[in-house]
Amino acid sequence: MAIYRSLAELPADFGPSAITIGNFDGVHLGHRAVVRQLRLAAYNGGWKSTVLTFDPHPTRVVAPERARKLMTTPEERARLMLELGVQQVLILPFDAEVSQLAPEAFAEELLARRMGARAVLVGENFRFGCRQAGNVQTLEALGQRLGFAVEVLAPVRFRGQIVSSSLIRRLITEGRVTLAARLLGRPYAIEGRVVSGRGVGSKQTVPTLNMETHAEVIPAAGVYVTRANGADAVTNIGYRPTFGESEQLTIETFLLGAAPAEHTERLTLEFLGRLREERKFASPEALKARILFDARTAGRYFRRAKAICRPVTS
């Protein structure tokens, strides 16, 4: 399994390949279905299962005013794809030169010649080439000439709705992290550096880990059941209204049953469920009481989850 970050890195034996192409932000249930079909095509043909994705996202080059915030970095997407059994991922730098490739050049030079395409799997709305001039019909015609088959995949639906990255991003920013996790196939997570807070928590409420993150998609302000580096936790996202409204968004995590480790430098937060909105309390004592109440509620959540997952014994 390998990740390549430019065409110059591709080895001579990169192909023959079964390839899927896309941005794959979040690597959600729809993307996972594509990977299953990709692996099957590669296995049946004796080829390598290959993902082609881009960095930066093409809209950030061709239409920056329409560029969306992303749930995952290219490296995270590549890692998740490899975990799903893909053999190789090419993160192609998307620059002005790539954006100006005609559909014919994209298919012939990149897919057929450089990547050794034998099969290409794409969604129904796939577009490619300069100004998105190519569609699935264009790709099928080029494949017939260049020697690769094209498989067009239908979207995955959940409760009648198409699973998409844009839908999941909206759910997260609305705080609906439980439904987002179902569509992702895992809890949504952000990662960041542990930083010093104002010292209010340890003195007046409870000790917390304060995160500084470069994540682009942040759940709505509120209190969440989370896992922090794998430990049971409660996390507040918001502006600390009890201590005077702050202009800077804060992410504060209280570990259940344990004090924060002094040596903790980085934190990965997985969002499992939303408990409530952020609110202003009359005093730090009232806030502390509510935090402890939220912690007990989260504790019941984790106990139920562990009971459900406990193996049956005779």
# chains A, B, ... in the order shown; residues from 1 in each chain; ligands from 1
$ residues_around --residues "Ile291 in chain A" --least-positions-apart "4" --cutoff "8 Å" --atoms "only C-alpha atoms" --output "ChimeraX atom specification"
/A:206,287,295
$ select_by_dssp --residues "range 107-302 of chain A" --states "alpha helix (DSSP H)" --output "MDAnalysis selection string"
chainID A and resid 136:146 165:173 177:184 200:204 284:302
$ residues_around --residues "Gln137 in chain A" --least-positions-apart "5" --cutoff "10 Å" --atoms "only C-alpha atoms" --output "list in words"
Glu124, Phe126, Arg127, Leu142, Gly143, Val150 and Val152 of chain A
$ select_by_dssp --residues "range 50-282 of chain A" --states "strand (DSSP E)" --output "PDB file with N, CA and C atoms, in the first residue's frame"
ATOM      1  N   THR A  50      -6.718   1.566  -7.257  1.00  0.00           N
ATOM      2  CA  THR A  50      -6.060   2.870  -7.216  1.00  0.00           C
ATOM      3  C   THR A  50      -7.081   3.989  -7.061  1.00  0.00           C
ATOM      4  N   VAL A  51      -6.768   4.937  -6.199  1.00  0.00           N
ATOM      5  CA  VAL A  51      -7.591   6.130  -6.020  1.00  0.00           C
ATOM      6  C   VAL A  51      -6.808   7.336  -6.510  1.00  0.00           C
ATOM      7  N   LEU A  52      -7.458   8.163  -7.330  1.00  0.00           N
ATOM      8  CA  LEU A  52      -6.898   9.434  -7.771  1.00  0.00           C
ATOM      9  C   LEU A  52      -7.700  10.554  -7.120  1.00  0.00           C
ATOM     10  N   THR A  53      -7.024  11.352  -6.302  1.00  0.00           N
ATOM     11  CA  THR A  53      -7.660  12.504  -5.684  1.00  0.00           C
ATOM     12  C   THR A  53      -6.759  13.716  -5.871  1.00  0.00           C
ATOM     13  N   PHE A  54      -7.194  14.874  -5.386  1.00  0.00           N
ATOM     14  CA  PHE A  54      -6.516  16.120  -5.743  1.00  0.00           C
ATOM     15  C   PHE A  54      -6.249  16.981  -4.512  1.00  0.00           C
ATOM     16  N   ASP A  55      -5.173  17.762  -4.606  1.00  0.00           N
ATOM     17  CA  ASP A  55      -4.841  18.740  -3.582  1.00  0.00           C
ATOM     18  C   ASP A  55      -4.180  19.956  -4.251  1.00  0.00           C
ATOM     19  N   GLN A  88      -3.217   1.696  -3.656  1.00  0.00           N
ATOM     20  CA  GLN A  88      -2.397   2.877  -3.882  1.00  0.00           C
ATOM     21  C   GLN A  88      -3.274   4.096  -4.124  1.00  0.00           C
ATOM     22  N   VAL A  89      -2.759   5.238  -3.653  1.00  0.00           N
ATOM     23  CA  VAL A  89      -3.472   6.513  -3.774  1.00  0.00           C
ATOM     24  C   VAL A  89      -2.515   7.532  -4.380  1.00  0.00           C
ATOM     25  N   LEU A  90      -2.989   8.220  -5.412  1.00  0.00           N
ATOM     26  CA  LEU A  90      -2.238   9.337  -5.979  1.00  0.00           C
ATOM     27  C   LEU A  90      -2.953  10.627  -5.596  1.00  0.00           C
ATOM     28  N   ILE A  91      -2.275  11.463  -4.793  1.00  0.00           N
ATOM     29  CA  ILE A  91      -2.780  12.799  -4.473  1.00  0.00           C
ATOM     30  C   ILE A  91      -2.146  13.744  -5.487  1.00  0.00           C
ATOM     31  N   LEU A  92      -2.883  14.054  -6.534  1.00  0.00           N
ATOM     32  CA  LEU A  92      -2.331  14.841  -7.630  1.00  0.00           C
ATOM     33  C   LEU A  92      -2.413  16.330  -7.307  1.00  0.00           C
ATOM     34  N   PRO A  93      -1.285  17.049  -7.330  1.00  0.00           N
ATOM     35  CA  PRO A  93      -1.351  18.500  -7.134  1.00  0.00           C
ATOM     36  C   PRO A  93      -2.214  19.135  -8.226  1.00  0.00           C
ATOM     37  N   ALA A 117      -4.471   2.747 -16.685  1.00  0.00           N
ATOM     38  CA  ALA A 117      -5.879   2.435 -16.433  1.00  0.00           C
ATOM     39  C   ALA A 117      -6.362   1.272 -17.286  1.00  0.00           C
ATOM     40  N   ARG A 118      -7.022   0.325 -16.622  1.00  0.00           N
ATOM     41  CA  ARG A 118      -7.722  -0.756 -17.313  1.00  0.00           C
ATOM     42  C   ARG A 118      -9.223  -0.684 -17.041  1.00  0.00           C
ATOM     43  N   ALA A 119      -9.577  -0.075 -15.901  1.00  0.00           N
ATOM     44  CA  ALA A 119     -10.973   0.168 -15.556  1.00  0.00           C
ATOM     45  C   ALA A 119     -11.026   1.481 -14.779  1.00  0.00           C
ATOM     46  N   VAL A 120     -12.061   2.283 -15.041  1.00  0.00           N
ATOM     47  CA  VAL A 120     -12.249   3.546 -14.332  1.00  0.00           C
ATOM     48  C   VAL A 120     -13.671   3.572 -13.792  1.00  0.00           C
ATOM     49  N   LEU A 121     -13.798   3.751 -12.476  1.00  0.00           N
ATOM     50  CA  LEU A 121     -15.099   3.749 -11.809  1.00  0.00           C
ATOM     51  C   LEU A 121     -15.409   5.166 -11.339  1.00  0.00           C
ATOM     52  N   VAL A 122     -16.569   5.693 -11.755  1.00  0.00           N
ATOM     53  CA  VAL A 122     -16.947   7.061 -11.405  1.00  0.00           C
ATOM     54  C   VAL A 122     -18.436   7.124 -11.098  1.00  0.00           C
ATOM     55  N   GLY A 123     -18.855   8.230 -10.485  1.00  0.00           N
ATOM     56  CA  GLY A 123     -20.264   8.450 -10.205  1.00  0.00           C
ATOM     57  C   GLY A 123     -20.999   8.997 -11.415  1.00  0.00           C
ATOM     58  N   ALA A 149     -12.108   0.103 -19.499  1.00  0.00           N
ATOM     59  CA  ALA A 149     -13.554   0.040 -19.315  1.00  0.00           C
ATOM     60  C   ALA A 149     -13.984   1.120 -18.333  1.00  0.00           C
ATOM     61  N   VAL A 150     -15.214   1.565 -18.463  1.00  0.00           N
ATOM     62  CA  VAL A 150     -15.774   2.564 -17.561  1.00  0.00           C
ATOM     63  C   VAL A 150     -17.008   1.983 -16.880  1.00  0.00           C
ATOM     64  N   GLU A 151     -17.039   2.085 -15.554  1.00  0.00           N
ATOM     65  CA  GLU A 151     -18.197   1.641 -14.778  1.00  0.00           C
ATOM     66  C   GLU A 151     -18.776   2.856 -14.057  1.00  0.00           C
ATOM     67  N   VAL A 152     -20.055   3.129 -14.311  1.00  0.00           N
ATOM     68  CA  VAL A 152     -20.738   4.269 -13.695  1.00  0.00           C
ATOM     69  C   VAL A 152     -21.560   3.764 -12.524  1.00  0.00           C
ATOM     70  N   LEU A 153     -21.288   4.309 -11.346  1.00  0.00           N
ATOM     71  CA  LEU A 153     -21.894   3.812 -10.117  1.00  0.00           C
ATOM     72  C   LEU A 153     -23.021   4.724  -9.648  1.00  0.00           C
ATOM     73  N   ARG A 157     -27.892   5.714  -0.953  1.00  0.00           N
ATOM     74  CA  ARG A 157     -28.949   6.462  -0.276  1.00  0.00           C
ATOM     75  C   ARG A 157     -29.111   5.981   1.160  1.00  0.00           C
ATOM     76  N   PHE A 158     -29.459   6.898   2.037  1.00  0.00           N
ATOM     77  CA  PHE A 158     -29.765   6.589   3.428  1.00  0.00           C
ATOM     78  C   PHE A 158     -31.120   7.203   3.735  1.00  0.00           C
ATOM     79  N   GLN A 161     -32.328   9.508   1.049  1.00  0.00           N
ATOM     80  CA  GLN A 161     -31.536  10.694   0.723  1.00  0.00           C
ATOM     81  C   GLN A 161     -30.147  10.281   0.261  1.00  0.00           C
ATOM     82  N   ILE A 162     -29.643  10.928  -0.785  1.00  0.00           N
ATOM     83  CA  ILE A 162     -28.316  10.612  -1.301  1.00  0.00           C
ATOM     84  C   ILE A 162     -27.260  11.005  -0.269  1.00  0.00           C
ATOM     85  N   TYR A 188     -17.398  11.585  13.480  1.00  0.00           N
ATOM     86  CA  TYR A 188     -16.615  12.693  12.945  1.00  0.00           C
ATOM     87  C   TYR A 188     -15.573  13.092  13.980  1.00  0.00           C
ATOM     88  N   ALA A 189     -14.364  13.378  13.529  1.00  0.00           N
ATOM     89  CA  ALA A 189     -13.269  13.695  14.448  1.00  0.00           C
ATOM     90  C   ALA A 189     -12.501  14.909  13.970  1.00  0.00           C
ATOM     91  N   ILE A 190     -11.983  15.654  14.940  1.00  0.00           N
ATOM     92  CA  ILE A 190     -11.060  16.743  14.645  1.00  0.00           C
ATOM     93  C   ILE A 190      -9.809  16.542  15.486  1.00  0.00           C
ATOM     94  N   GLU A 191      -8.712  17.107  15.039  1.00  0.00           N
ATOM     95  CA  GLU A 191      -7.441  16.921  15.731  1.00  0.00           C
ATOM     96  C   GLU A 191      -6.795  18.284  15.912  1.00  0.00           C
ATOM     97  N   GLY A 192      -6.065  18.438  17.030  1.00  0.00           N
ATOM     98  CA  GLY A 192      -5.421  19.711  17.255  1.00  0.00           C
ATOM     99  C   GLY A 192      -4.442  19.683  18.410  1.00  0.00           C
ATOM    100  N   ARG A 193      -3.917  20.851  18.688  1.00  0.00           N
ATOM    101  CA  ARG A 193      -2.906  21.008  19.732  1.00  0.00           C
ATOM    102  C   ARG A 193      -3.573  21.401  21.046  1.00  0.00           C
ATOM    103  N   VAL A 194      -3.090  20.827  22.154  1.00  0.00           N
ATOM    104  CA  VAL A 194      -3.565  21.213  23.479  1.00  0.00           C
ATOM    105  C   VAL A 194      -2.858  22.504  23.884  1.00  0.00           C
ATOM    106  N   VAL A 195      -3.650  23.511  24.255  1.00  0.00           N
ATOM    107  CA  VAL A 195      -3.102  24.817  24.609  1.00  0.00           C
ATOM    108  C   VAL A 195      -3.558  25.204  26.011  1.00  0.00           C
ATOM    109  N   LEU A 209      -9.107  20.099  29.000  1.00  0.00           N
ATOM    110  CA  LEU A 209      -8.093  20.198  27.955  1.00  0.00           C
ATOM    111  C   LEU A 209      -8.633  21.147  26.895  1.00  0.00           C
ATOM    112  N   ASN A 210      -7.862  22.158  26.563  1.00  0.00           N
ATOM    113  CA  ASN A 210      -8.275  23.161  25.593  1.00  0.00           C
ATOM    114  C   ASN A 210      -7.567  22.905  24.264  1.00  0.00           C
ATOM    115  N   MET A 211      -8.359  22.815  23.202  1.00  0.00           N
ATOM    116  CA  MET A 211      -7.810  22.468  21.894  1.00  0.00           C
ATOM    117  C   MET A 211      -7.750  23.670  20.968  1.00  0.00           C
ATOM    118  N   GLU A 212      -6.651  23.742  20.249  1.00  0.00           N
ATOM    119  CA  GLU A 212      -6.510  24.669  19.126  1.00  0.00           C
ATOM    120  C   GLU A 212      -6.404  23.825  17.871  1.00  0.00           C
ATOM    121  N   THR A 213      -7.284  24.036  16.912  1.00  0.00           N
ATOM    122  CA  THR A 213      -7.334  23.153  15.747  1.00  0.00           C
ATOM    123  C   THR A 213      -7.377  23.950  14.452  1.00  0.00           C
ATOM    124  N   GLY A 222     -22.089  23.971  21.441  1.00  0.00           N
ATOM    125  CA  GLY A 222     -22.891  23.110  22.300  1.00  0.00           C
ATOM    126  C   GLY A 222     -22.018  22.143  23.071  1.00  0.00           C
ATOM    127  N   VAL A 223     -22.678  21.227  23.776  1.00  0.00           N
ATOM    128  CA  VAL A 223     -21.993  20.241  24.612  1.00  0.00           C
ATOM    129  C   VAL A 223     -22.190  18.864  23.986  1.00  0.00           C
ATOM    130  N   TYR A 224     -21.099  18.106  23.870  1.00  0.00           N
ATOM    131  CA  TYR A 224     -21.103  16.832  23.145  1.00  0.00           C
ATOM    132  C   TYR A 224     -20.500  15.708  23.980  1.00  0.00           C
ATOM    133  N   VAL A 225     -21.020  14.503  23.764  1.00  0.00           N
ATOM    134  CA  VAL A 225     -20.356  13.291  24.230  1.00  0.00           C
ATOM    135  C   VAL A 225     -19.238  12.999  23.235  1.00  0.00           C
ATOM    136  N   THR A 226     -18.019  12.856  23.751  1.00  0.00           N
ATOM    137  CA  THR A 226     -16.877  12.668  22.867  1.00  0.00           C
ATOM    138  C   THR A 226     -15.950  11.575  23.389  1.00  0.00           C
ATOM    139  N   ARG A 227     -15.037  11.176  22.526  1.00  0.00           N
ATOM    140  CA  ARG A 227     -13.857  10.420  22.942  1.00  0.00           C
ATOM    141  C   ARG A 227     -12.653  11.292  22.667  1.00  0.00           C
ATOM    142  N   ALA A 228     -11.796  11.447  23.670  1.00  0.00           N
ATOM    143  CA  ALA A 228     -10.608  12.288  23.553  1.00  0.00           C
ATOM    144  C   ALA A 228      -9.382  11.390  23.640  1.00  0.00           C
ATOM    145  N   ALA A 231     -10.334   8.256  25.229  1.00  0.00           N
ATOM    146  CA  ALA A 231     -10.899   8.282  26.582  1.00  0.00           C
ATOM    147  C   ALA A 231     -12.300   8.897  26.553  1.00  0.00           C
ATOM    148  N   ASP A 232     -13.187   8.402  27.433  1.00  0.00           N
ATOM    149  CA  ASP A 232     -14.540   8.942  27.546  1.00  0.00           C
ATOM    150  C   ASP A 232     -14.473  10.396  28.008  1.00  0.00           C
ATOM    151  N   ALA A 233     -15.275  11.256  27.389  1.00  0.00           N
ATOM    152  CA  ALA A 233     -15.163  12.686  27.680  1.00  0.00           C
ATOM    153  C   ALA A 233     -16.442  13.423  27.332  1.00  0.00           C
ATOM    154  N   VAL A 234     -16.504  14.664  27.804  1.00  0.00           N
ATOM    155  CA  VAL A 234     -17.531  15.634  27.424  1.00  0.00           C
ATOM    156  C   VAL A 234     -16.803  16.864  26.895  1.00  0.00           C
ATOM    157  N   THR A 235     -17.290  17.401  25.775  1.00  0.00           N
ATOM    158  CA  THR A 235     -16.634  18.550  25.158  1.00  0.00           C
ATOM    159  C   THR A 235     -17.619  19.687  24.959  1.00  0.00           C
ATOM    160  N   ASN A 236     -17.193  20.890  25.332  1.00  0.00           N
ATOM    161  CA  ASN A 236     -17.983  22.091  25.075  1.00  0.00           C
ATOM    162  C   ASN A 236     -17.323  22.899  23.962  1.00  0.00           C
ATOM    163  N   ILE A 237     -18.126  23.235  22.959  1.00  0.00           N
ATOM    164  CA  ILE A 237     -17.687  24.130  21.895  1.00  0.00           C
ATOM    165  C   ILE A 237     -18.494  25.416  22.025  1.00  0.00           C
ATOM    166  N   GLY A 238     -17.816  26.554  22.120  1.00  0.00           N
ATOM    167  CA  GLY A 238     -18.580  27.787  22.242  1.00  0.00           C
ATOM    168  C   GLY A 238     -17.743  28.982  22.619  1.00  0.00           C
ATOM    169  N   THR A 250     -13.944  28.451  21.540  1.00  0.00           N
ATOM    170  CA  THR A 250     -13.119  27.572  22.359  1.00  0.00           C
ATOM    171  C   THR A 250     -13.652  26.144  22.288  1.00  0.00           C
ATOM    172  N   ILE A 251     -12.745  25.208  22.424  1.00  0.00           N
ATOM    173  CA  ILE A 251     -13.091  23.784  22.450  1.00  0.00           C
ATOM    174  C   ILE A 251     -12.459  23.213  23.712  1.00  0.00           C
ATOM    175  N   GLU A 252     -13.295  22.907  24.715  1.00  0.00           N
ATOM    176  CA  GLU A 252     -12.823  22.484  26.030  1.00  0.00           C
ATOM    177  C   GLU A 252     -13.360  21.094  26.346  1.00  0.00           C
ATOM    178  N   THR A 253     -12.476  20.201  26.764  1.00  0.00           N
ATOM    179  CA  THR A 253     -12.842  18.815  26.992  1.00  0.00           C
ATOM    180  C   THR A 253     -12.577  18.408  28.430  1.00  0.00           C
ATOM    181  N   PHE A 254     -13.595  17.813  29.046  1.00  0.00           N
ATOM    182  CA  PHE A 254     -13.508  17.285  30.400  1.00  0.00           C
ATOM    183  C   PHE A 254     -13.482  15.766  30.319  1.00  0.00           C
ATOM    184  N   LEU A 255     -12.403  15.161  30.811  1.00  0.00           N
ATOM    185  CA  LEU A 255     -12.268  13.710  30.788  1.00  0.00           C
ATOM    186  C   LEU A 255     -13.055  13.101  31.939  1.00  0.00           C
ATOM    187  N   ARG A 266      -1.238  16.706  22.007  1.00  0.00           N
ATOM    188  CA  ARG A 266      -2.184  16.730  20.897  1.00  0.00           C
ATOM    189  C   ARG A 266      -3.417  15.921  21.280  1.00  0.00           C
ATOM    190  N   LEU A 267      -4.528  16.293  20.666  1.00  0.00           N
ATOM    191  CA  LEU A 267      -5.800  15.696  21.027  1.00  0.00           C
ATOM    192  C   LEU A 267      -6.581  15.364  19.762  1.00  0.00           C
ATOM    193  N   THR A 268      -7.166  14.178  19.746  1.00  0.00           N
ATOM    194  CA  THR A 268      -8.116  13.806  18.706  1.00  0.00           C
ATOM    195  C   THR A 268      -9.472  13.636  19.360  1.00  0.00           C
ATOM    196  N   LEU A 269     -10.445  14.418  18.907  1.00  0.00           N
ATOM    197  CA  LEU A 269     -11.791  14.379  19.465  1.00  0.00           C
ATOM    198  C   LEU A 269     -12.735  13.712  18.479  1.00  0.00           C
ATOM    199  N   GLU A 270     -13.421  12.654  18.932  1.00  0.00           N
ATOM    200  CA  GLU A 270     -14.469  12.017  18.151  1.00  0.00           C
ATOM    201  C   GLU A 270     -15.816  12.420  18.744  1.00  0.00           C
ATOM    202  N   PHE A 271     -16.722  12.898  17.887  1.00  0.00           N
ATOM    203  CA  PHE A 271     -18.015  13.402  18.347  1.00  0.00           C
ATOM    204  C   PHE A 271     -19.075  12.313  18.201  1.00  0.00           C
ATOM    205  N   LEU A 272     -19.617  11.878  19.349  1.00  0.00           N
ATOM    206  CA  LEU A 272     -20.549  10.756  19.371  1.00  0.00           C
ATOM    207  C   LEU A 272     -22.004  11.191  19.463  1.00  0.00           C
ATOM    208  N   GLY A 273     -22.280  12.273  20.177  1.00  0.00           N
ATOM    209  CA  GLY A 273     -23.657  12.733  20.330  1.00  0.00           C
ATOM    210  C   GLY A 273     -23.676  14.127  20.934  1.00  0.00           C
ATOM    211  N   ARG A 274     -24.800  14.824  20.739  1.00  0.00           N
ATOM    212  CA  ARG A 274     -24.941  16.176  21.271  1.00  0.00           C
ATOM    213  C   ARG A 274     -25.862  16.152  22.482  1.00  0.00           C
ATOM    214  N   LEU A 275     -25.417  16.753  23.579  1.00  0.00           N
ATOM    215  CA  LEU A 275     -26.205  16.781  24.804  1.00  0.00           C
ATOM    216  C   LEU A 275     -27.112  18.007  24.880  1.00  0.00           C
ATOM    217  N   ARG A 276     -26.587  19.164  24.541  1.00  0.00           N
ATOM    218  CA  ARG A 276     -27.384  20.387  24.682  1.00  0.00           C
ATOM    219  C   ARG A 276     -26.675  21.545  23.995  1.00  0.00           C
TER     220      ARG A 276
END
$ residues_around --residues "Ala33 in chain A" --least-positions-apart "3" --cutoff "12 Å" --atoms "only C-alpha atoms" --output "list of chain:residue names"
A:Thr20, A:Phe24, A:Val27, A:His28, A:Leu29, A:Gly30, A:Arg36, A:Gln37, A:Leu38, A:Arg39, A:Leu40, A:Met81, A:Leu84, A:Leu121, A:Val122, A:Gly123, A:Leu153, A:Ala154, A:Pro155, A:Val156, A:Arg157, A:Val163, A:Leu183, A:Leu184, A:Gly185
$ closest_residue --among "A:Leu292, A:Leu249, A:Ile3, A:Leu146" --to "Glu75 in chain A" --atoms "only C-alpha atoms"
A:Ile3
$ atom_distance --atom1 "CA of Gly22 in chain A" --atom2 "CA of His57 in chain A"
9.7 Å
$ closest_atom_pairs --of "range 110-225 of chain A" --to "range 68-72 of chain A" --cutoff "8 Å" --atoms "only C-alpha atoms" --output "CSV"
residue,atom,partner,partner_atom,distance
A:Arg169,CA,A:Met71,CA,7.1
A:Ala215,CA,A:Met71,CA,7.3
A:Glu216,CA,A:Lys69,CA,5.5
A:Val217,CA,A:Met71,CA,5.6
$ closest_residue --among "A:Glu278, A:Glu265, A:Asp294, A:Glu9" --to "Tyr239 in chain A" --atoms "only C-alpha atoms"
A:Glu278
$ atom_distance --atom1 "CA of Ala102 in chain A" --atom2 "CA of Lys48 in chain A"
25.8 Å
